[in-house]
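Chemist: So here's coords06.cif (mmCIF, C-alpha atoms and all ligand atoms).
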```cif
data_model
#
loop_
_atom_site.label_atom_id
_atom_site.label_comp_id
_atom_site.auth_asym_id
_atom_site.auth_seq_id
_atom_site.Cartn_x
_atom_site.Cartn_y
_atom_site.Cartn_z
CA MET A 21 -11.49 27.78 8.47
CA ALA A 22 -9.92 25.19 6.16
CA ILE A 23 -10.05 21.57 7.30
CA ASN A 24 -6.64 20.02 6.63
CA LEU A 25 -7.27 16.48 7.73
CA VAL A 26 -5.44 13.15 7.82
CA MET A 27 -7.68 10.06 7.93
CA PHE A 28 -5.28 7.65 9.61
CA GLY A 29 -5.47 3.92 10.31
CA PRO A 30 -4.47 0.42 9.25
CA PRO A 31 -5.33 -1.20 5.91
CA GLY A 32 -9.08 -1.75 5.77
CA ALA A 33 -9.91 0.60 8.66
CA GLY A 34 -12.31 2.53 6.42
CA LYS A 35 -10.05 5.48 5.57
CA GLY A 36 -11.22 5.58 1.94
CA THR A 37 -14.87 5.06 2.86
CA GLN A 38 -14.88 7.90 5.38
CA ALA A 39 -12.51 10.21 3.46
CA SER A 40 -14.69 10.15 0.35
CA ARG A 41 -17.86 10.86 2.36
CA LEU A 42 -16.25 13.71 4.22
CA ALA A 43 -14.68 15.21 1.10
CA ALA A 44 -18.06 15.14 -0.69
CA GLU A 45 -19.85 16.68 2.32
CA ARG A 46 -17.33 19.51 2.67
CA GLY A 47 -16.57 20.06 -1.02
CA ILE A 48 -12.85 19.49 -0.53
CA PRO A 49 -10.54 17.03 -2.34
CA GLN A 50 -9.85 13.51 -1.08
CA ILE A 51 -6.18 12.78 -1.68
CA SER A 52 -5.65 9.01 -1.62
CA THR A 53 -2.03 8.06 -2.22
CA GLY A 54 -3.11 4.45 -2.90
CA ASP A 55 -5.51 5.67 -5.63
CA ILE A 56 -2.79 7.90 -7.13
CA LEU A 57 -0.42 4.92 -7.29
CA ARG A 58 -3.09 2.59 -8.73
CA GLU A 59 -3.89 5.18 -11.44
CA ALA A 60 -0.18 5.32 -12.29
CA VAL A 61 -0.10 1.51 -12.55
CA GLN A 62 -3.16 1.57 -14.85
CA SER A 63 -1.62 4.25 -17.06
CA GLY A 64 1.68 2.37 -17.28
CA THR A 65 3.77 5.39 -16.26
CA GLU A 66 7.31 5.09 -14.90
CA LEU A 67 5.93 5.66 -11.38
CA GLY A 68 3.34 2.92 -11.95
CA ARG A 69 5.96 0.45 -13.12
CA ARG A 70 8.09 1.11 -10.05
CA ALA A 71 5.16 1.03 -7.63
CA GLN A 72 3.34 -2.08 -8.84
CA ALA A 73 5.71 -4.75 -7.50
CA VAL A 74 6.04 -2.93 -4.18
CA MET A 75 2.25 -2.66 -3.75
CA ASP A 76 1.64 -6.27 -4.79
CA ALA A 77 4.12 -7.39 -2.14
CA GLY A 78 2.34 -5.31 0.53
CA GLU A 79 5.40 -3.12 1.14
CA LEU A 80 5.68 0.68 1.16
CA VAL A 81 6.73 2.83 -1.80
CA SER A 82 9.76 4.95 -0.85
CA ASP A 83 9.35 8.08 1.24
CA ASP A 84 11.05 10.26 -1.41
CA ILE A 85 8.54 9.28 -4.08
CA MET A 86 5.51 9.61 -1.79
CA VAL A 87 6.55 12.97 -0.33
CA GLY A 88 7.13 14.30 -3.86
CA ILE A 89 3.66 13.19 -4.95
CA VAL A 90 1.95 14.75 -1.92
CA ARG A 91 3.97 17.97 -2.06
CA GLU A 92 2.90 18.48 -5.67
CA ARG A 93 -0.75 17.61 -4.95
CA LEU A 94 -1.01 19.91 -1.92
CA GLY A 95 0.47 22.73 -3.99
CA ARG A 96 -2.63 22.81 -6.19
CA ALA A 97 -5.23 25.56 -5.74
CA ASP A 98 -8.12 23.20 -4.91
CA THR A 99 -6.56 22.39 -1.52
CA ALA A 100 -6.78 26.01 -0.30
CA ALA A 101 -10.13 25.39 1.44
CA GLY A 102 -8.93 22.10 2.88
CA PHE A 103 -8.31 18.46 1.98
CA VAL A 104 -8.63 14.93 3.34
CA LEU A 105 -5.45 12.87 3.10
CA ASP A 106 -6.08 9.11 2.92
CA GLY A 107 -3.07 6.76 3.14
CA PHE A 108 -0.46 9.43 3.85
CA PRO A 109 1.59 9.80 5.97
CA ARG A 110 2.67 6.20 6.62
CA THR A 111 6.10 6.69 8.16
CA VAL A 112 7.59 9.15 10.63
CA ALA A 113 9.70 10.57 7.77
CA GLN A 114 6.52 11.25 5.73
CA ALA A 115 4.80 12.86 8.74
CA THR A 116 7.78 15.12 9.38
CA ALA A 117 7.86 16.12 5.70
CA LEU A 118 4.10 16.84 5.81
CA ASP A 119 4.58 19.24 8.73
CA GLY A 120 7.11 21.10 6.57
CA ILE A 121 4.83 21.16 3.51
CA LEU A 122 1.96 22.58 5.60
CA ASP A 123 4.03 25.18 7.43
CA GLY A 124 1.96 28.39 7.57
CA ARG A 125 -1.34 26.68 6.74
CA THR A 126 -4.20 25.69 9.09
CA ALA A 127 -2.91 23.14 11.61
CA LEU A 128 -3.40 19.51 10.67
CA MET A 129 -6.25 17.51 12.19
CA VAL A 130 -5.56 13.77 12.54
CA LEU A 131 -8.36 11.23 13.04
CA GLU A 132 -7.29 7.65 13.76
CA LEU A 133 -9.75 4.89 12.84
CA ALA A 134 -9.01 2.00 15.21
CA VAL A 135 -10.10 -1.52 14.16
CA PRO A 136 -8.82 -4.93 15.42
CA ASP A 137 -6.60 -6.92 13.01
CA GLN A 138 -8.98 -9.87 12.70
CA GLU A 139 -11.77 -7.62 11.43
CA LEU A 140 -9.36 -5.90 9.01
CA MET A 141 -8.39 -9.25 7.53
CA GLU A 142 -12.07 -10.16 7.02
CA ARG A 143 -12.95 -6.79 5.47
CA LEU A 144 -10.03 -6.76 3.04
CA THR A 145 -10.32 -10.32 1.80
CA ARG A 146 -14.07 -9.72 1.19
CA ARG A 147 -13.58 -6.31 -0.49
CA ARG A 148 -14.42 -6.03 -4.16
CA VAL A 149 -14.06 -3.02 -6.47
CA CYS A 150 -16.45 -2.29 -9.33
CA ALA A 151 -14.63 -2.40 -12.66
CA GLY A 152 -17.13 0.12 -14.05
CA CYS A 153 -17.68 2.92 -11.50
CA GLY A 154 -14.96 2.12 -8.95
CA ALA A 155 -17.43 1.64 -6.07
CA ILE A 156 -16.00 -0.30 -3.09
CA VAL A 157 -18.23 -3.11 -1.88
CA ALA A 158 -18.02 -5.98 0.59
CA SER A 159 -18.70 -9.17 -1.35
CA GLY A 160 -21.59 -11.34 -0.24
CA GLU A 161 -22.44 -14.88 -1.29
CA GLY A 162 -23.18 -14.90 -5.01
CA VAL A 163 -22.79 -11.14 -5.54
CA GLU A 164 -20.77 -10.71 -8.73
CA THR A 165 -21.98 -7.41 -10.19
CA CYS A 166 -22.13 -3.83 -8.93
CA GLU A 167 -25.51 -2.81 -7.53
CA ARG A 168 -24.91 0.76 -8.69
CA CYS A 169 -23.90 0.27 -12.36
CA GLY A 170 -24.14 -3.47 -13.08
CA ALA A 171 -20.46 -3.89 -14.06
CA GLY A 172 -18.36 -6.83 -12.82
CA LEU A 173 -16.58 -6.80 -9.47
CA THR A 174 -12.81 -7.31 -9.20
CA GLN A 175 -10.45 -7.94 -6.30
CA ARG A 176 -7.46 -5.68 -5.62
CA SER A 177 -4.26 -7.66 -6.20
CA ASP A 178 -3.06 -6.70 -2.70
CA ASP A 179 -6.25 -8.00 -1.01
CA ARG A 180 -5.17 -11.65 -1.15
CA PRO A 181 -4.81 -13.08 2.40
CA ASP A 182 -0.99 -13.46 2.22
CA VAL A 183 -0.52 -9.87 1.03
CA VAL A 184 -3.02 -8.52 3.60
CA ARG A 185 -1.01 -10.25 6.37
CA GLU A 186 2.14 -8.50 5.12
CA ARG A 187 0.37 -5.12 4.86
CA LEU A 188 -0.76 -5.48 8.49
CA ARG A 189 2.78 -6.42 9.57
CA VAL A 190 4.19 -3.39 7.74
CA TYR A 191 1.50 -1.18 9.30
CA HIS A 192 2.39 -2.27 12.84
CA GLN A 193 6.12 -1.92 12.21
CA GLN A 194 6.36 1.30 10.17
CA THR A 195 3.06 3.21 10.41
CA SER A 196 1.60 2.65 13.89
CA PRO A 197 4.52 4.62 15.48
CA LEU A 198 2.74 7.66 14.02
CA VAL A 199 0.08 7.33 16.73
CA ALA A 200 2.73 8.33 19.28
CA PHE A 201 3.96 11.04 16.87
CA TYR A 202 0.49 12.67 16.72
CA ARG A 203 -1.21 11.64 19.97
CA THR A 204 0.01 14.57 22.06
CA ARG A 205 -1.26 17.14 19.55
CA PRO A 206 -4.53 18.91 20.46
CA ARG A 207 -6.01 18.20 16.99
CA PHE A 208 -5.67 14.38 17.22
CA ARG A 209 -8.65 12.10 17.98
CA GLU A 210 -9.12 8.32 18.00
CA ILE A 211 -12.39 6.92 16.64
CA ASP A 212 -13.77 3.39 17.02
CA GLY A 213 -13.71 2.31 13.35
CA SER A 214 -15.31 -1.07 14.06
CA GLN A 215 -18.78 0.46 14.27
CA PRO A 216 -21.10 0.53 11.21
CA PRO A 217 -20.03 3.07 8.52
CA ASP A 218 -22.83 5.58 9.28
CA VAL A 219 -21.95 5.54 12.98
CA VAL A 220 -18.26 6.07 12.17
CA ALA A 221 -19.20 8.96 9.84
CA ALA A 222 -21.19 10.60 12.64
CA ALA A 223 -18.24 10.13 15.02
CA VAL A 224 -15.94 11.74 12.42
CA ARG A 225 -18.24 14.79 12.19
CA GLN A 226 -18.44 15.00 15.98
CA ALA A 227 -14.64 14.76 16.34
CA ILE A 228 -14.11 17.55 13.79
CA ASP A 229 -16.58 19.82 15.61
CA ALA A 230 -14.98 19.01 18.97
CA VAL A 231 -11.44 19.68 17.69
CA ASP A 232 -12.52 22.93 16.03
CA GLY A 233 -14.34 24.03 19.20
CA ALA A 234 -11.38 23.21 21.43
CA THR A 235 -8.61 24.69 19.29
CA SER A 236 -10.11 27.69 17.44
P1 LIG B 1 -3.91 2.14 0.09
O1 LIG B 1 -4.78 2.05 -1.08
O2 LIG B 1 -3.80 3.41 0.84
O3 LIG B 1 -4.32 0.93 1.06
P2 LIG B 1 -4.48 0.84 2.63
O4 LIG B 1 -3.98 1.93 3.47
O5 LIG B 1 -3.91 -0.49 2.92
O6 LIG B 1 -5.99 1.04 2.82
P3 LIG B 1 -7.16 0.35 2.09
O7 LIG B 1 -7.52 1.13 0.87
O8 LIG B 1 -6.92 -1.10 1.90
O9 LIG B 1 -8.27 0.44 3.22
P4 LIG B 1 -9.12 1.67 3.78
O10 LIG B 1 -8.68 1.98 5.17
O11 LIG B 1 -9.15 2.81 2.80
O12 LIG B 1 -10.52 0.97 3.89
P5 LIG B 1 -11.80 1.02 2.91
O13 LIG B 1 -12.59 2.26 3.16
O14 LIG B 1 -11.42 0.73 1.50
O15 LIG B 1 -2.41 1.72 -0.29
C1 LIG B 1 -2.14 0.61 -1.10
C2 LIG B 1 -0.63 0.44 -1.24
O16 LIG B 1 -0.06 1.61 -1.88
C3 LIG B 1 0.16 0.30 0.06
O17 LIG B 1 0.16 -1.04 0.53
C4 LIG B 1 1.54 0.78 -0.38
O18 LIG B 1 2.22 -0.21 -1.12
C5 LIG B 1 1.20 1.92 -1.33
N1 LIG B 1 1.10 3.23 -0.64
C6 LIG B 1 -0.01 4.01 -0.53
N2 LIG B 1 0.27 5.11 0.18
C7 LIG B 1 1.56 5.05 0.53
C8 LIG B 1 2.41 5.87 1.30
N3 LIG B 1 1.98 7.02 1.86
N4 LIG B 1 3.70 5.47 1.50
C9 LIG B 1 4.17 4.33 0.94
N5 LIG B 1 3.42 3.48 0.21
C10 LIG B 1 2.10 3.84 0.01
O19 LIG B 1 -12.63 -0.22 3.51
C11 LIG B 1 -12.14 -1.54 3.40
C12 LIG B 1 -13.34 -2.52 3.29
O20 LIG B 1 -14.08 -2.47 4.51
C13 LIG B 1 -14.33 -2.17 2.17
O21 LIG B 1 -14.86 -3.35 1.65
C14 LIG B 1 -15.42 -1.35 2.89
O22 LIG B 1 -16.66 -1.46 2.25
C15 LIG B 1 -15.41 -2.02 4.27
N6 LIG B 1 -15.73 -1.08 5.36
C16 LIG B 1 -15.35 0.22 5.48
N7 LIG B 1 -15.82 0.75 6.65
C17 LIG B 1 -16.48 -0.26 7.26
C18 LIG B 1 -17.16 -0.35 8.52
N8 LIG B 1 -17.25 0.73 9.35
N9 LIG B 1 -17.73 -1.51 8.85
C19 LIG B 1 -17.64 -2.61 8.02
N10 LIG B 1 -17.00 -2.59 6.82
C20 LIG B 1 -16.42 -1.42 6.45
#
```
Let me see the structure of the file written as structure tokens.

Modeler:
Amino acid sequence: MAINLVMFGPPGAGKGTQASRLAAERGIPQISTGDILREAVQSGTELGRRAQAVMDAGELVSDDIMVGIVRERLGRADTAAGFVLDGFPRTVAQATALDGILDGRTALMVLELAVPDQELMERLTRRRVCAGCGAIVASGEGVETCERCGAGLTQRSDDRPDVVRERLRVYHQQTSPLVAFYRTRPRFREIDGSQPPDVVAAAVRQAIDAVDGATS
């Protein structure tokens, strides 16, 4: 059965880390709306120009734009065997639209990665991205190059402390209501995202097996 999964959680919860591992393990696409927007910014497209200021301020890009992007992406053939959504939905309007987009397909599974705000702030302000291979790393004292490819490490423009604080505020105001939206569904599970990445990955696998066992 296809796994149509939302990796849900606040900024820095580890959605990207876990979504990319899971997508590689299962051979299904990881659909990161943040990555799609950052690629548009890099390419200088109209979407990128509109999104950049919003992202740099830590606010949300409009529901219309985001739903359009995800509708188009989920219409592609490579999602037939499943997908991992990372960063979408982020508002009740997006979640309602997603239900409509997926009507008739395997029911959505939603895994929430729960992590306290203080740890999120530390993770995000320490996060660096490799300018060469795109690897995500937590910066340590004196580490300035990527261990994987040797290229320089950069900081995401929205990982500055003031922007991270705003992203967390926006999460609690506009995105966390989705926990109540999904919590009563049988294919929702909460996972302790403050554990080490390998332990979280094992908990993700366990949750998927448990949900499949309980609802198939
Ligand atoms: P997006 O790129 O989606 O950012 P985000 O949701 O804020 O999430 P992050 O990528 O910051 O964190 P993550 O949870 O993926 O954690 P990661 O695995 O990287 O969105 C960026 C912006 O785009 C938004 O602010 C908004 O403007 C716009 N946007 C995107 N989608 C939108 C939408 N649907 N609607 C409207 N606007 C939208 O890990 C973080 C760090 O922690 C890394 O350094 C990692 O190595 C480390 N780490 C990961 N797991 C662990 C662990 N278990 N223990 C210790 N460290 C860990």

Chemist: Residues near Thr145 of chain A, anyone? I mean within 7 Å using all atoms listed in the file, not counting same-chain ones fewer than 2 positions away, as a compact mmCIF listing (two decimals) with C-alpha atoms, in the coordinates of the input.

Modeler:
```txt
# COMPACT_ATOMS: atom_id res chain seq x y z
CA MET A 141 -8.39 -9.25 7.53
CA GLU A 142 -12.07 -10.16 7.02
CA ARG A 143 -12.95 -6.79 5.47
CA ARG A 147 -13.58 -6.31 -0.49
CA ASP A 179 -6.25 -8.00 -1.01
CA ARG A 180 -5.17 -11.65 -1.15
CA PRO A 181 -4.81 -13.08 2.40
```

Chemist: Compare A:Gly233, A:Gly213, A:Gly162, A:Gly102 by their minimum atom-to-atom distance to ligand LIG 1 (chain B), counting only C-alpha atoms and all ligand atoms, and give me the closest one.

Modeler: A:Gly213

Chemist: Between A:Arg176, A:Arg146, A:Arg225, A:Arg110, which has the minimum distance to Ile23 of chain A (counting only C-alpha atoms)?

Modeler: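 Looking only at the distances to Ile23 of chain A, the closest residue turns out to be A:Arg225.
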
Chemist: List all protein, DNA and RNA residues that have any atom at most 8 Å from ligand LIG 1 (chain B), counting only C-alpha atoms and all ligand atoms, and write the list as a VMD selection string.

Modeler: chain A and resid 28 to 39 52 to 55 57 to 58 71 74 to 83 86 to 87 106 to 111 114 140 143 to 144 146 to 148 156 to 159 178 to 179 187 213 to 220

Chemist: From the set A:Ser196, A:Gln138, A:Gln62, A:Gly152, which residue has the shortest atom-to-atom contact distance to Val112 of chain A, counting all atoms listed in the file?

Modeler: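 Of the candidates, the smallest distance to Val112 of chain A is held by A:Ser196.
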
Chemist: Rounded to one decimal in Å, what is the spacing between atom CA of Gly64 of chain A and atom CA of Ala151 of chain A?

Modeler: 17.6 Å

Chemist: Nearest residue to Gly88 of chain A out of A:Ala155, A:Val104, A:Gly172, A:Leu118, using only C-alpha atoms?

Modeler: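 Once distances to Gly88 of chain A are computed over only C-alpha atoms, the minimum belongs to A:Leu118.
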